[in-house]
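Notes to accompany the following structure.
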Amino acid sequence: MTPLRAIVADDSVVIRQGVARILSEGGFRVTAEARDASELFQAVANEPPHLAVVDIRMPPGGNAGLDAALTIRERFPTVGVLVLSQFLEPEYALRLLGAGVDRVGYLLKDRLGEAAELLDAAHRVAAGGSAVDPAVIGELVRARRRDDRLTRLTDREGQALGLIAGGHSNRAIAQRLGITTKTLEGMSGTIFSKLGLEDDPDVNRRVLAVLLYLDGADD
Amino acid sequence: MSHRRALALAAGVIAFAAVTTVVGMASGAPPQFLVADLVMGLTFVASGLIAVWLRPHSPAGPMLLVCGALWFVGSYAPSGQPVVTHLGFAFEGYYDLVLAALLLMLSSPSLRLEPRWLIGALGAAMAARSLGRLLLQDPVRVFDCAECAANPFAIWPNLAAFEAVEIASNLAISGLAALVGVVALSRLLRSGPVLRRVRLPILVAGGLAMTARTYDSFEYAWSTATGALLVEITEPWGEIFAWVGFGARVLVPIGFVVATLRLRRAPGPLGPLSAGLERPRGSGTVGDALRTALGDPSLVLLRPVDGKAWITEDAAPAALPSPDHGRAVTMIGPEDRASAAIVHDPALLEQPELLAAVVRVLRLALENERLESELREQLRAVTESRERIVTAAEEERRRLERDLHDGAQQRLIGVMLALQQARSTADAEAAPKLLREQLDAAAREITEAIHELRELARGIHPAILEDAGLEAAVTALARRVGIPVDVGMTLDGRLPRLVESTAYFTIAEALTNTQRHARASHATVRVVQAGASLELEVSDDGQGGAAAERGSGLRGLADRVMALGGRFEVVSDAGRGTRIRATIPTG
């Protein structure tokens with residue numbers, strides 16, 4: 001099987017190489033490294049990878065990485081974009097996801113300490129799915145506590161909801177919760193009806209529905 | 001002249017008047033003539049006294065008194081007393097000399113008697129005539145000489161010489177009197193508004209008096225030379241013309257007193273002046289106030305620049321007029337470092353007390369103005385520096401946040417990556433369990449440090465505020481507050497950084513207070529952009545009792561808002577929730 005191609009963009013050489021190493025060890029072939037947005041665009045245009053891991057903060061300044069990620073999503077729809085961020089701001093994650101949650105992820109840099117988490121997210125995004133950092137989901141959920149619909153969920157249902165929003169597959173969620181996929185499917189049906197949402201068999205559309213709900217967009 | 005001397009002089013004149021009246025009565029003069037003459041002469045005396053009282057420093061009062069005395073000289077030349085007759089005839093008409101002097105003085109821009117030569121010449125001509133009449137004529141021919149009497153003073157009686165002197169001196173008197181009138185009236189036409197307004201009656205009366213003198217003296221010369229009258233006038237017209245001439249002379253002192261009283265009373269200068277100076281700025285200048293108060297529209301207020309040059313109130317360069325230009329200059333403050341100069345109508349110099357009072361008030365006003373502008377300047381400087389300090393603090397926070405994210409946090413993440421690598425190496429090489437546990441513990445510590453650093457940086461200055469604006473930042477902030485927060489904003493796009501951050505931190509501090517102290521179940525944030533300012537309100541349904549003075553957080557916020565020229569208000573009655581309102585200018 002041909003390994004998935006990845007590009008890593010970060011102005012810090014330590015982080016760039018660290019991420020590249022983790023990805024290489026996880027089965028990716030890192031074809032290029034970029035120090036800023038223009039190098040990133042060049043590398044992507046040169047040979048569109050399956051995945052671009054982009055630091056949210058990059059030269060020339062500000063959150064240039066976020067803008068670069070959005071540009072890549074628009075111009076290279078086949079490239080998965082995983083943004084690494086030091087900001088626990090749902091606003092950024094939601095902005096990155098935009099109207100669709102395919103091939104996109106927003107992960108806090110804290111996850112670099114847990115290679116498995118990073119790789120899991122990287123594979124999901126490269127495979128066309130999504131990954132949103134649990135801390136960001138947590139922030140959204142916390143803000144939604146006032147909504148009594150959310151309080152109707154059991155703890156376990158709440159956990160499942162967080163994982164759904166994080167972009168995990170049913171199989172992965174079931175595995176994490178230690179239940180069967182069938183049980184999870186039943187559970188997610190309950191969750192969606194408790195929240196007054198329409199369940200959707202498409203994972204990405206389901207993630208988006210949950211995220212929008214958590215963001216309060218259905219108010 | 002002191003009041004006492006003036007009274008003594010007046011008493012003397014009245015006594016003299018009484019004597020001449022008695023003499024006149026004894027000579028059988030008609031009573032209406034006596035009464036009219038007496039009234040006219042005493043008018044000079046009364047005016048002189050009033051003038052002395054109103055203007056102790058002006059020579060006008062004594063001059064009028066002297067005029068009164070001279071009036072009665074020669075009143076009764078045609079009397080039975082040769083000595084009286086001769087003296088009266090020789091020295092009649094000198095009051096016109098004094099009137100001429102008064103006229104020249106009052107019409108002069110500097111209120112000085114000038115030109116002196118004119119008065120000197122007129123006096124000399126009159127003296128020549130007196131000497132001729134006194135020493136050369138014998139007997140004295142007055143009128144038809146029905147009562148011609150011998151002249152006890154004649155030392156060289158010579159009719160031809162007498163007539164020559166009489167003709168020459170009267171021609172000179174006539175011409176000089178005409179010249180005085182012309183000078184006075186032409187000055188009147190060229191004078192400033194105050195002088196013209198005040199002096200018009202005096203100068204016109206004086207002009208008439210000089211005309212009468214001109215005609216009289218010319219008539220004398222003519223009749224002496226030709227033995228005939230210049231114009232045949234039938235009585236009573238001759239009499240009437242004579243009285244009109246006298247009446248014109250009497251108008252001079254009356255006009256003088258009226259004018260003096262008018263100058264004194266009409267402008268009521270200090271009241272309007274101080275009121276004018278107190279007017280709110282912009283509604284008129286100090287110069288306007290002065291012009292109104294002193295009734296001199298031509299007045300100009302000059303300010304010194306660089307100690308030497310002068311500028312007008314419109315900042316146009318100006319020079320102090322030289323004294324002969326018909327303008328007077330009054331300095332405010334010491335001559336060499338005056339705070340202002342008033343260029344005005346010289347007529348105002350006649351009122352030294354008034355000018356002195358105006359100078360005092362003006363000096364106070366200008367000093368006040370100077371202090372006020374200094375204060376305003378200081379206030380402006382303080383306001384600007386306060387704003388600079390707040391801006392600098394804001395910049396500092398922003399820089400600190402960047403440094404934390406791009407510096408310390410990046411390094412910590414680098415360390416975390418290194419630890420992660422060490423951990424995987426340890427796994428691969430089957431390192432001791434203890435080592436792996438230690439590496440895990442270190443990784444957990446680093447993760448915690450990263451979390452804490454992130455919260456710290458966000459508290460110092462949230463990146464999202466600069467990146468996405470006030471609404472996104474406040475929405476994110478509201479998510480993290482432990483109670484439901486309803487956020488409502490009506491913004492017209494992005495605002496200046498400083499306004500955004502001030503609004504943000506005001507809301508953040510208010511929500512922190514709510515969360516910590518208010519025991520509230522719900523909070524509301526409202527932000528509205530209204531014109532050139534941003535109005536924000538954070539309210540909760542808690543227990544109230546918060547005060548800007550108590551919490552250093554609220555105090556600091558109030559300072560910050562006010563440093564930008566905004567307003568800050570806390571309404572927090574016990575049991576009725578807390579409402580914090582701030583208005584921040586956006587311009």
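Labels for the structure tokens follow display order: chains A, B, ..., residues from 1 in each chain, ligands from 1.
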Determine which residues of region 41-205 of chain A receive a DSSP assignment of strand (DSSP E), computed from the backbone, and state them as a PyMOL selection string. chain A and resi 51-55+80-85+104-108+130-132
Please save C-alpha atoms of the selected residues as a tab-separated table (two decimals), in the first residue's frame.
chain	number	residue	atom	x	y	z
A	51	LEU	CA	-2.67	15.72	4.47
A	52	ALA	CA	-1.26	19.13	5.36
A	53	VAL	CA	-0.54	19.71	9.03
A	54	VAL	CA	-0.53	23.47	9.55
A	55	ASP	CA	0.42	25.57	12.54
A	80	GLY	CA	-6.92	17.12	4.12
A	81	VAL	CA	-6.00	20.01	6.40
A	82	LEU	CA	-5.21	19.55	10.06
A	83	VAL	CA	-4.60	22.78	11.92
A	84	LEU	CA	-2.50	22.67	15.06
A	85	SER	CA	-3.41	25.47	17.39
A	104	VAL	CA	-10.47	18.98	8.08
A	105	GLY	CA	-9.28	19.04	11.69
A	106	TYR	CA	-8.54	21.46	14.51
A	107	LEU	CA	-6.27	20.08	17.16
A	108	LEU	CA	-4.59	21.73	20.11
A	130	SER	CA	-12.94	15.35	10.53
A	131	ALA	CA	-11.21	15.85	13.84
A	132	VAL	CA	-12.04	18.47	16.42
Write out, as a tab-separated table, each residue of chain A that has an atom at most 6 Å from chain B, together with the closest pair of atoms and their distance in Å to one decimal, counting only C-alpha atoms, rows going by chain and rising number.
residue	atom	partner	partner_atom	distance
A:Val14	CA	B:Gly414	CA	5.7
A:Ile15	CA	B:Gly414	CA	5.7
A:Gly18	CA	B:Leu417	CA	5.9
A:Gly113	CA	B:Met416	CA	5.5
A:Ala143	CA	B:Arg479	CA	4.4
A:Arg146	CA	B:Pro484	CA	5.9
Residues flagged alpha helix (DSSP H) by DSSP in region 44-134 of chain A, as an mmCIF file with N, CA and C atoms, in the first residue's frame:
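Saved as selection08.cif:
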data_model
loop_
_atom_site.group_PDB
_atom_site.id
_atom_site.type_symbol
_atom_site.label_atom_id
_atom_site.label_comp_id
_atom_site.auth_asym_id
_atom_site.auth_seq_id
_atom_site.Cartn_x
_atom_site.Cartn_y
_atom_site.Cartn_z
ATOM 1 N N VAL A 44 2.228 22.395 -1.590
ATOM 2 C CA VAL A 44 0.932 21.766 -1.878
ATOM 3 C C VAL A 44 0.676 21.760 -3.383
ATOM 4 N N ALA A 45 0.978 22.902 -4.032
ATOM 5 C CA ALA A 45 0.756 23.000 -5.472
ATOM 6 C C ALA A 45 1.671 22.041 -6.214
ATOM 7 N N ASN A 46 2.861 21.898 -5.715
ATOM 8 C CA ASN A 46 3.877 21.055 -6.311
ATOM 9 C C ASN A 46 3.418 19.595 -6.386
ATOM 10 N N ALA A 64 -1.830 33.486 10.286
ATOM 11 C CA ALA A 64 -1.682 33.266 8.853
ATOM 12 C C ALA A 64 -1.916 31.797 8.523
ATOM 13 N N GLY A 65 -1.609 30.903 9.485
ATOM 14 C CA GLY A 65 -1.791 29.476 9.249
ATOM 15 C C GLY A 65 -3.246 29.129 9.016
ATOM 16 N N LEU A 66 -4.141 29.787 9.784
ATOM 17 C CA LEU A 66 -5.565 29.523 9.639
ATOM 18 C C LEU A 66 -6.049 29.957 8.255
ATOM 19 N N ASP A 67 -5.585 31.130 7.835
ATOM 20 C CA ASP A 67 -5.965 31.630 6.514
ATOM 21 C C ASP A 67 -5.430 30.710 5.422
ATOM 22 N N ALA A 68 -4.177 30.236 5.601
ATOM 23 C CA ALA A 68 -3.579 29.330 4.615
ATOM 24 C C ALA A 68 -4.382 28.039 4.536
ATOM 25 N N ALA A 69 -4.803 27.543 5.702
ATOM 26 C CA ALA A 69 -5.583 26.305 5.735
ATOM 27 C C ALA A 69 -6.891 26.477 4.972
ATOM 28 N N LEU A 70 -7.552 27.630 5.199
ATOM 29 C CA LEU A 70 -8.814 27.887 4.497
ATOM 30 C C LEU A 70 -8.591 27.977 3.000
ATOM 31 N N THR A 71 -7.487 28.597 2.615
ATOM 32 C CA THR A 71 -7.178 28.708 1.191
ATOM 33 C C THR A 71 -6.971 27.328 0.568
ATOM 34 N N ILE A 72 -6.221 26.493 1.276
ATOM 35 C CA ILE A 72 -5.963 25.152 0.738
ATOM 36 C C ILE A 72 -7.265 24.378 0.610
ATOM 37 N N ARG A 73 -8.122 24.511 1.622
ATOM 38 C CA ARG A 73 -9.415 23.804 1.573
ATOM 39 C C ARG A 73 -10.231 24.232 0.358
ATOM 40 N N GLU A 74 -10.091 25.498 0.010
ATOM 41 C CA GLU A 74 -10.871 26.004 -1.116
ATOM 42 C C GLU A 74 -10.257 25.581 -2.447
ATOM 43 N N ARG A 75 -8.913 25.708 -2.532
ATOM 44 C CA ARG A 75 -8.255 25.484 -3.823
ATOM 45 C C ARG A 75 -7.877 24.032 -4.081
ATOM 46 N N PRO A 90 -13.273 27.817 20.149
ATOM 47 C CA PRO A 90 -14.187 27.168 19.207
ATOM 48 C C PRO A 90 -14.390 28.008 17.949
ATOM 49 N N GLU A 91 -14.331 29.342 18.119
ATOM 50 C CA GLU A 91 -14.514 30.244 16.981
ATOM 51 C C GLU A 91 -13.586 29.864 15.827
ATOM 52 N N TYR A 92 -12.317 29.590 16.156
ATOM 53 C CA TYR A 92 -11.356 29.226 15.108
ATOM 54 C C TYR A 92 -11.721 27.893 14.467
ATOM 55 N N ALA A 93 -12.059 26.944 15.319
ATOM 56 C CA ALA A 93 -12.399 25.609 14.802
ATOM 57 C C ALA A 93 -13.600 25.694 13.873
ATOM 58 N N LEU A 94 -14.617 26.436 14.321
ATOM 59 C CA LEU A 94 -15.835 26.534 13.517
ATOM 60 C C LEU A 94 -15.566 27.276 12.221
ATOM 61 N N ARG A 95 -14.694 28.263 12.289
ATOM 62 C CA ARG A 95 -14.374 29.016 11.091
ATOM 63 C C ARG A 95 -13.647 28.110 10.088
ATOM 64 N N LEU A 96 -12.776 27.269 10.619
ATOM 65 C CA LEU A 96 -12.012 26.374 9.755
ATOM 66 C C LEU A 96 -12.948 25.357 9.093
ATOM 67 N N LEU A 97 -13.856 24.819 9.893
ATOM 68 C CA LEU A 97 -14.757 23.815 9.350
ATOM 69 C C LEU A 97 -15.689 24.409 8.300
ATOM 70 N N ALA A 115 1.213 10.929 20.742
ATOM 71 C CA ALA A 115 1.380 10.614 19.327
ATOM 72 C C ALA A 115 0.153 9.911 18.764
ATOM 73 N N ALA A 116 -0.445 9.047 19.551
ATOM 74 C CA ALA A 116 -1.579 8.261 19.055
ATOM 75 C C ALA A 116 -2.747 9.163 18.696
ATOM 76 N N GLU A 117 -3.027 10.154 19.575
ATOM 77 C CA GLU A 117 -4.127 11.100 19.320
ATOM 78 C C GLU A 117 -3.904 11.847 18.015
ATOM 79 N N LEU A 118 -2.660 12.348 17.871
ATOM 80 C CA LEU A 118 -2.329 13.117 16.672
ATOM 81 C C LEU A 118 -2.505 12.259 15.424
ATOM 82 N N LEU A 119 -1.978 11.021 15.494
ATOM 83 C CA LEU A 119 -2.045 10.143 14.329
ATOM 84 C C LEU A 119 -3.480 9.769 14.006
ATOM 85 N N ASP A 120 -4.266 9.526 15.063
ATOM 86 C CA ASP A 120 -5.669 9.180 14.869
ATOM 87 C C ASP A 120 -6.374 10.284 14.091
ATOM 88 N N ALA A 121 -6.161 11.513 14.581
ATOM 89 C CA ALA A 121 -6.783 12.660 13.915
ATOM 90 C C ALA A 121 -6.267 12.791 12.488
ATOM 91 N N ALA A 122 -4.924 12.623 12.317
ATOM 92 C CA ALA A 122 -4.320 12.781 10.997
ATOM 93 C C ALA A 122 -4.915 11.773 10.017
ATOM 94 N N HIS A 123 -5.086 10.538 10.449
ATOM 95 C CA HIS A 123 -5.630 9.519 9.562
ATOM 96 C C HIS A 123 -7.073 9.805 9.207
ATOM 97 N N ARG A 124 -7.830 10.244 10.204
ATOM 98 C CA ARG A 124 -9.234 10.544 9.932
ATOM 99 C C ARG A 124 -9.361 11.661 8.891
ATOM 100 N N VAL A 125 -8.579 12.707 9.083
ATOM 101 C CA VAL A 125 -8.664 13.843 8.163
ATOM 102 C C VAL A 125 -8.194 13.432 6.765
ATOM 103 N N ALA A 126 -7.073 12.686 6.722
ATOM 104 C CA ALA A 126 -6.543 12.258 5.430
ATOM 105 C C ALA A 126 -7.539 11.359 4.712
ATOM 106 N N PRO A 134 -11.014 17.440 21.555
ATOM 107 C CA PRO A 134 -12.001 17.244 22.623
ATOM 108 C C PRO A 134 -12.141 18.465 23.528
#
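Rounded to one decimal, CA of Ser24 (chain A) and CA of Ala422 (chain B) lie 16.0 Å from each other.
You will find CA of Asp336 (chain B) at 25.2 Å from CA of Arg112 (chain B).
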Please provide the set of residues having any atom within 10 Å of region 511-518 of chain B, restricted to only C-alpha atoms, with same-chain residues fewer than 5 positions apart removed, written as a CSV table (one decimal) with all heavy atoms, in the first residue's frame.
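Result saved to selection35.csv:
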chain,number,residue,atom,x,y,z
B,477,LEU,N,-15.9,34.5,25.4
B,477,LEU,CA,-15.7,34.7,26.8
B,477,LEU,C,-17.0,34.2,27.6
B,477,LEU,O,-16.9,33.6,28.6
B,477,LEU,CB,-15.6,36.3,27.0
B,477,LEU,CG,-15.5,36.8,28.4
B,477,LEU,CD1,-14.2,36.4,29.1
B,477,LEU,CD2,-15.6,38.3,28.4
B,478,ALA,N,-18.1,34.5,27.0
B,478,ALA,CA,-19.4,34.2,27.6
B,478,ALA,C,-19.5,32.6,27.8
B,478,ALA,O,-20.1,32.1,28.7
B,478,ALA,CB,-20.6,34.7,26.8
B,481,VAL,N,-18.0,31.5,31.0
B,481,VAL,CA,-18.5,31.9,32.3
B,481,VAL,C,-19.4,30.8,32.8
B,481,VAL,O,-20.1,30.1,32.1
B,481,VAL,CB,-19.3,33.2,32.1
B,481,VAL,CG1,-19.9,33.7,33.4
B,481,VAL,CG2,-18.4,34.3,31.6
B,482,GLY,N,-19.4,30.6,34.1
B,482,GLY,CA,-20.1,29.5,34.7
B,482,GLY,C,-21.7,29.6,34.7
B,482,GLY,O,-22.4,28.6,34.9
B,483,ILE,N,-22.2,30.8,34.4
B,483,ILE,CA,-23.6,30.9,34.3
B,483,ILE,C,-24.0,31.3,32.9
B,483,ILE,O,-23.2,31.8,32.1
B,483,ILE,CB,-24.2,32.0,35.3
B,483,ILE,CG1,-23.4,33.3,35.0
B,483,ILE,CG2,-24.0,31.5,36.7
B,483,ILE,CD1,-24.1,34.5,35.7
B,485,VAL,N,-24.9,33.4,29.8
B,485,VAL,CA,-24.8,34.8,29.5
B,485,VAL,C,-25.4,35.1,28.2
B,485,VAL,O,-25.1,34.4,27.2
B,485,VAL,CB,-23.3,35.2,29.5
B,485,VAL,CG1,-23.1,36.7,29.1
B,485,VAL,CG2,-22.6,34.9,30.8
B,505,PHE,N,-12.3,44.1,28.1
B,505,PHE,CA,-11.8,43.9,29.4
B,505,PHE,C,-12.9,44.4,30.4
B,505,PHE,O,-13.0,43.9,31.6
B,505,PHE,CB,-10.5,44.5,29.7
B,505,PHE,CG,-9.4,43.6,29.1
B,505,PHE,CD1,-8.7,44.1,27.9
B,505,PHE,CD2,-9.1,42.4,29.6
B,505,PHE,CE1,-7.7,43.3,27.4
B,505,PHE,CE2,-8.1,41.6,29.0
B,505,PHE,CZ,-7.4,42.0,27.9
B,506,THR,N,-13.6,45.4,30.0
B,506,THR,CA,-14.7,45.9,30.9
B,506,THR,C,-15.7,44.8,31.1
B,506,THR,O,-16.1,44.4,32.2
B,506,THR,CB,-15.4,47.1,30.3
B,506,THR,OG1,-14.4,48.1,30.1
B,506,THR,CG2,-16.4,47.7,31.2
B,523,ALA,N,-26.7,36.4,33.4
B,523,ALA,CA,-26.1,37.7,33.1
B,523,ALA,C,-26.4,38.1,31.6
B,523,ALA,O,-26.7,37.2,30.8
B,523,ALA,CB,-24.6,37.7,33.3
B,524,THR,N,-26.4,39.4,31.4
B,524,THR,CA,-26.7,39.9,30.1
B,524,THR,C,-25.7,40.9,29.7
B,524,THR,O,-25.3,41.8,30.5
B,524,THR,CB,-28.1,40.6,30.1
B,524,THR,OG1,-29.1,39.7,30.6
B,524,THR,CG2,-28.5,41.0,28.6
B,525,VAL,N,-25.2,40.8,28.4
B,525,VAL,CA,-24.2,41.8,27.9
B,525,VAL,C,-24.9,42.4,26.7
B,525,VAL,O,-25.4,41.8,25.8
B,525,VAL,CB,-22.9,41.1,27.5
B,525,VAL,CG1,-22.0,42.1,26.8
B,525,VAL,CG2,-22.3,40.4,28.6
B,538,VAL,N,-23.4,45.6,31.2
B,538,VAL,CA,-23.3,44.2,31.7
B,538,VAL,C,-24.2,44.1,33.0
B,538,VAL,O,-23.9,44.9,33.9
B,538,VAL,CB,-21.9,43.7,32.0
B,538,VAL,CG1,-21.9,42.3,32.5
B,538,VAL,CG2,-21.0,43.9,30.8
B,539,SER,N,-25.2,43.3,32.9
B,539,SER,CA,-26.1,43.3,34.1
B,539,SER,C,-26.3,41.8,34.5
B,539,SER,O,-26.2,40.9,33.7
B,539,SER,CB,-27.4,43.9,33.8
B,539,SER,OG,-28.0,43.4,32.6
B,540,ASP,N,-26.6,41.6,35.8
B,540,ASP,CA,-26.9,40.3,36.3
B,540,ASP,C,-28.1,40.4,37.3
B,540,ASP,O,-28.5,41.4,37.7
B,540,ASP,CB,-25.6,39.7,37.0
B,540,ASP,CG,-25.2,40.4,38.2
B,540,ASP,OD1,-26.1,40.7,39.1
B,540,ASP,OD2,-24.0,40.7,38.4
B,541,ASP,N,-28.5,39.2,37.7
B,541,ASP,CA,-29.7,39.1,38.6
B,541,ASP,C,-29.2,38.7,40.0
B,541,ASP,O,-29.9,38.0,40.7
B,541,ASP,CB,-30.7,38.2,38.0
B,541,ASP,CG,-30.2,36.8,37.8
B,541,ASP,OD1,-29.0,36.6,38.0
B,541,ASP,OD2,-31.0,35.9,37.4
B,542,GLY,N,-28.0,39.1,40.3
B,542,GLY,CA,-27.4,38.6,41.6
B,542,GLY,C,-27.8,39.5,42.7
B,542,GLY,O,-28.8,40.3,42.7
B,543,GLN,N,-27.0,39.5,43.8
B,543,GLN,CA,-27.3,40.1,45.0
B,543,GLN,C,-27.0,41.6,45.1
B,543,GLN,O,-27.4,42.3,46.0
B,543,GLN,CB,-26.6,39.4,46.2
B,543,GLN,CG,-25.1,39.4,46.1
B,543,GLN,CD,-24.4,38.6,47.1
B,543,GLN,OE1,-25.1,38.0,48.0
B,543,GLN,NE2,-23.1,38.6,47.1
B,544,GLY,N,-26.3,42.1,44.1
B,544,GLY,CA,-25.9,43.5,44.1
B,544,GLY,C,-24.9,43.9,45.1
B,544,GLY,O,-24.2,43.0,45.7
B,545,GLY,N,-24.8,45.2,45.3
B,545,GLY,CA,-23.9,45.6,46.4
B,545,GLY,C,-22.4,45.8,45.9
B,545,GLY,O,-21.5,46.0,46.7
B,546,ALA,N,-22.2,45.8,44.6
B,546,ALA,CA,-20.8,46.0,44.2
B,546,ALA,C,-20.6,47.5,44.0
B,546,ALA,O,-21.6,48.3,43.8
B,546,ALA,CB,-20.6,45.3,42.8
B,551,GLY,N,-14.0,47.3,44.6
B,551,GLY,CA,-13.1,46.3,43.9
B,551,GLY,C,-12.1,47.1,43.1
B,551,GLY,O,-12.4,48.0,42.4
B,553,GLY,N,-10.6,45.9,40.7
B,553,GLY,CA,-10.9,45.5,39.3
B,553,GLY,C,-11.8,46.6,38.7
B,553,GLY,O,-11.5,47.1,37.6
B,554,LEU,N,-12.9,46.9,39.3
B,554,LEU,CA,-13.8,47.8,38.8
B,554,LEU,C,-13.2,49.2,38.7
B,554,LEU,O,-13.4,50.0,37.7
B,554,LEU,CB,-15.1,47.9,39.6
B,554,LEU,CG,-16.1,46.7,39.5
B,554,LEU,CD1,-17.3,46.9,40.4
B,554,LEU,CD2,-16.5,46.6,38.0
B,575,GLY,N,-29.5,43.5,46.6
B,575,GLY,CA,-30.7,42.7,46.3
B,575,GLY,C,-31.3,43.0,45.0
B,575,GLY,O,-32.3,42.4,44.6
B,577,GLY,N,-29.4,43.2,41.9
B,577,GLY,CA,-28.5,42.9,40.8
B,577,GLY,C,-27.5,44.0,40.6
B,577,GLY,O,-27.5,45.0,41.3
B,578,THR,N,-26.6,43.7,39.7
B,578,THR,CA,-25.6,44.7,39.4
B,578,THR,C,-25.7,45.1,37.9
B,578,THR,O,-25.9,44.2,37.1
B,578,THR,CB,-24.2,44.1,39.7
B,578,THR,OG1,-24.2,43.8,41.1
B,578,THR,CG2,-23.1,45.1,39.4
B,579,ARG,N,-25.5,46.4,37.7
B,579,ARG,CA,-25.5,46.8,36.3
B,579,ARG,C,-24.3,47.7,36.1
B,579,ARG,O,-24.2,48.7,36.8
B,579,ARG,CB,-26.8,47.6,35.9
B,579,ARG,CG,-26.9,47.8,34.4
B,579,ARG,CD,-28.3,48.1,34.0
B,579,ARG,NE,-28.8,49.3,34.7
B,579,ARG,CZ,-30.0,49.4,35.2
B,579,ARG,NH1,-30.9,48.4,35.0
B,579,ARG,NH2,-30.4,50.5,35.8
B,580,ILE,N,-23.4,47.4,35.2
B,580,ILE,CA,-22.3,48.2,34.9
B,580,ILE,C,-22.4,48.8,33.5
B,580,ILE,O,-22.7,48.0,32.5
B,580,ILE,CB,-21.0,47.3,35.0
B,580,ILE,CG1,-20.7,47.0,36.4
B,580,ILE,CG2,-19.8,48.1,34.4
B,580,ILE,CD1,-19.6,46.0,36.7
Do you know which residues are at most 12 Å from region 51-55 of chain B counting only C-alpha atoms, after dropping those on the same chain fewer than 2 positions away, and could you put them as number ranges by chain? B: 1-7, 9-10, 43-49, 57-65, 253-265, 349-354
Skip region 154-171 of chain A itself and residues of its chain fewer than 4 positions away, then list as a PyMOL selection string all residues within 10 Å of it, counting only C-alpha atoms. chain A and resi 101-102+104-107+120-121+124-125+129-138+140-141+150+175-177+179-182+184-185+187-188+190-192+203-204+206-212+214
C-alpha atoms of the current selection, written as a tab-separated table (two decimals), in the first residue's frame:
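And here's part.tsv as it stands now:
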chain	number	residue	atom	x	y	z
A	101	VAL	CA	-16.46	18.95	7.91
A	102	ASP	CA	-14.77	16.71	5.40
A	104	VAL	CA	-10.47	18.98	8.08
A	105	GLY	CA	-9.28	19.04	11.69
A	106	TYR	CA	-8.54	21.46	14.51
A	107	LEU	CA	-6.27	20.08	17.16
A	120	ASP	CA	-5.67	9.18	14.87
A	121	ALA	CA	-6.78	12.66	13.91
A	124	ARG	CA	-9.23	10.54	9.93
A	125	VAL	CA	-8.66	13.84	8.16
A	129	GLY	CA	-13.28	12.74	7.83
A	130	SER	CA	-12.94	15.35	10.53
A	131	ALA	CA	-11.21	15.85	13.84
A	132	VAL	CA	-12.04	18.47	16.42
A	133	ASP	CA	-10.08	18.62	19.63
A	134	PRO	CA	-12.00	17.24	22.62
A	135	ALA	CA	-11.12	20.37	24.61
A	136	VAL	CA	-12.83	22.54	21.97
A	137	ILE	CA	-15.87	20.28	22.01
A	138	GLY	CA	-15.78	20.49	25.79
A	140	LEU	CA	-18.84	24.21	23.36
A	141	VAL	CA	-20.61	21.69	25.53
A	150	LEU	CA	-28.28	18.77	26.89
A	175	GLN	CA	-14.42	1.00	20.93
A	176	ARG	CA	-13.62	3.88	23.28
A	177	LEU	CA	-16.85	3.52	25.19
A	179	ILE	CA	-19.80	-0.96	23.66
A	180	THR	CA	-20.81	-2.55	20.40
A	181	THR	CA	-21.35	-0.52	17.28
A	182	LYS	CA	-24.98	-1.56	17.31
A	184	LEU	CA	-23.75	2.98	19.83
A	185	GLU	CA	-26.08	3.38	16.87
A	187	MET	CA	-27.49	5.45	21.61
A	188	SER	CA	-26.82	8.06	18.98
A	190	THR	CA	-31.48	8.58	21.41
A	191	ILE	CA	-29.02	11.46	21.65
A	192	PHE	CA	-30.21	13.04	18.43
A	203	VAL	CA	-20.68	10.87	9.60
A	204	ASN	CA	-19.51	14.25	8.42
A	206	ARG	CA	-23.74	14.29	11.58
A	207	VAL	CA	-20.66	15.97	13.03
A	208	LEU	CA	-21.63	19.26	11.49
A	209	ALA	CA	-25.17	18.99	12.87
A	210	VAL	CA	-23.84	18.37	16.36
A	211	LEU	CA	-21.25	21.15	16.14
A	212	LEU	CA	-23.84	23.62	14.89
A	214	LEU	CA	-23.38	23.00	20.25
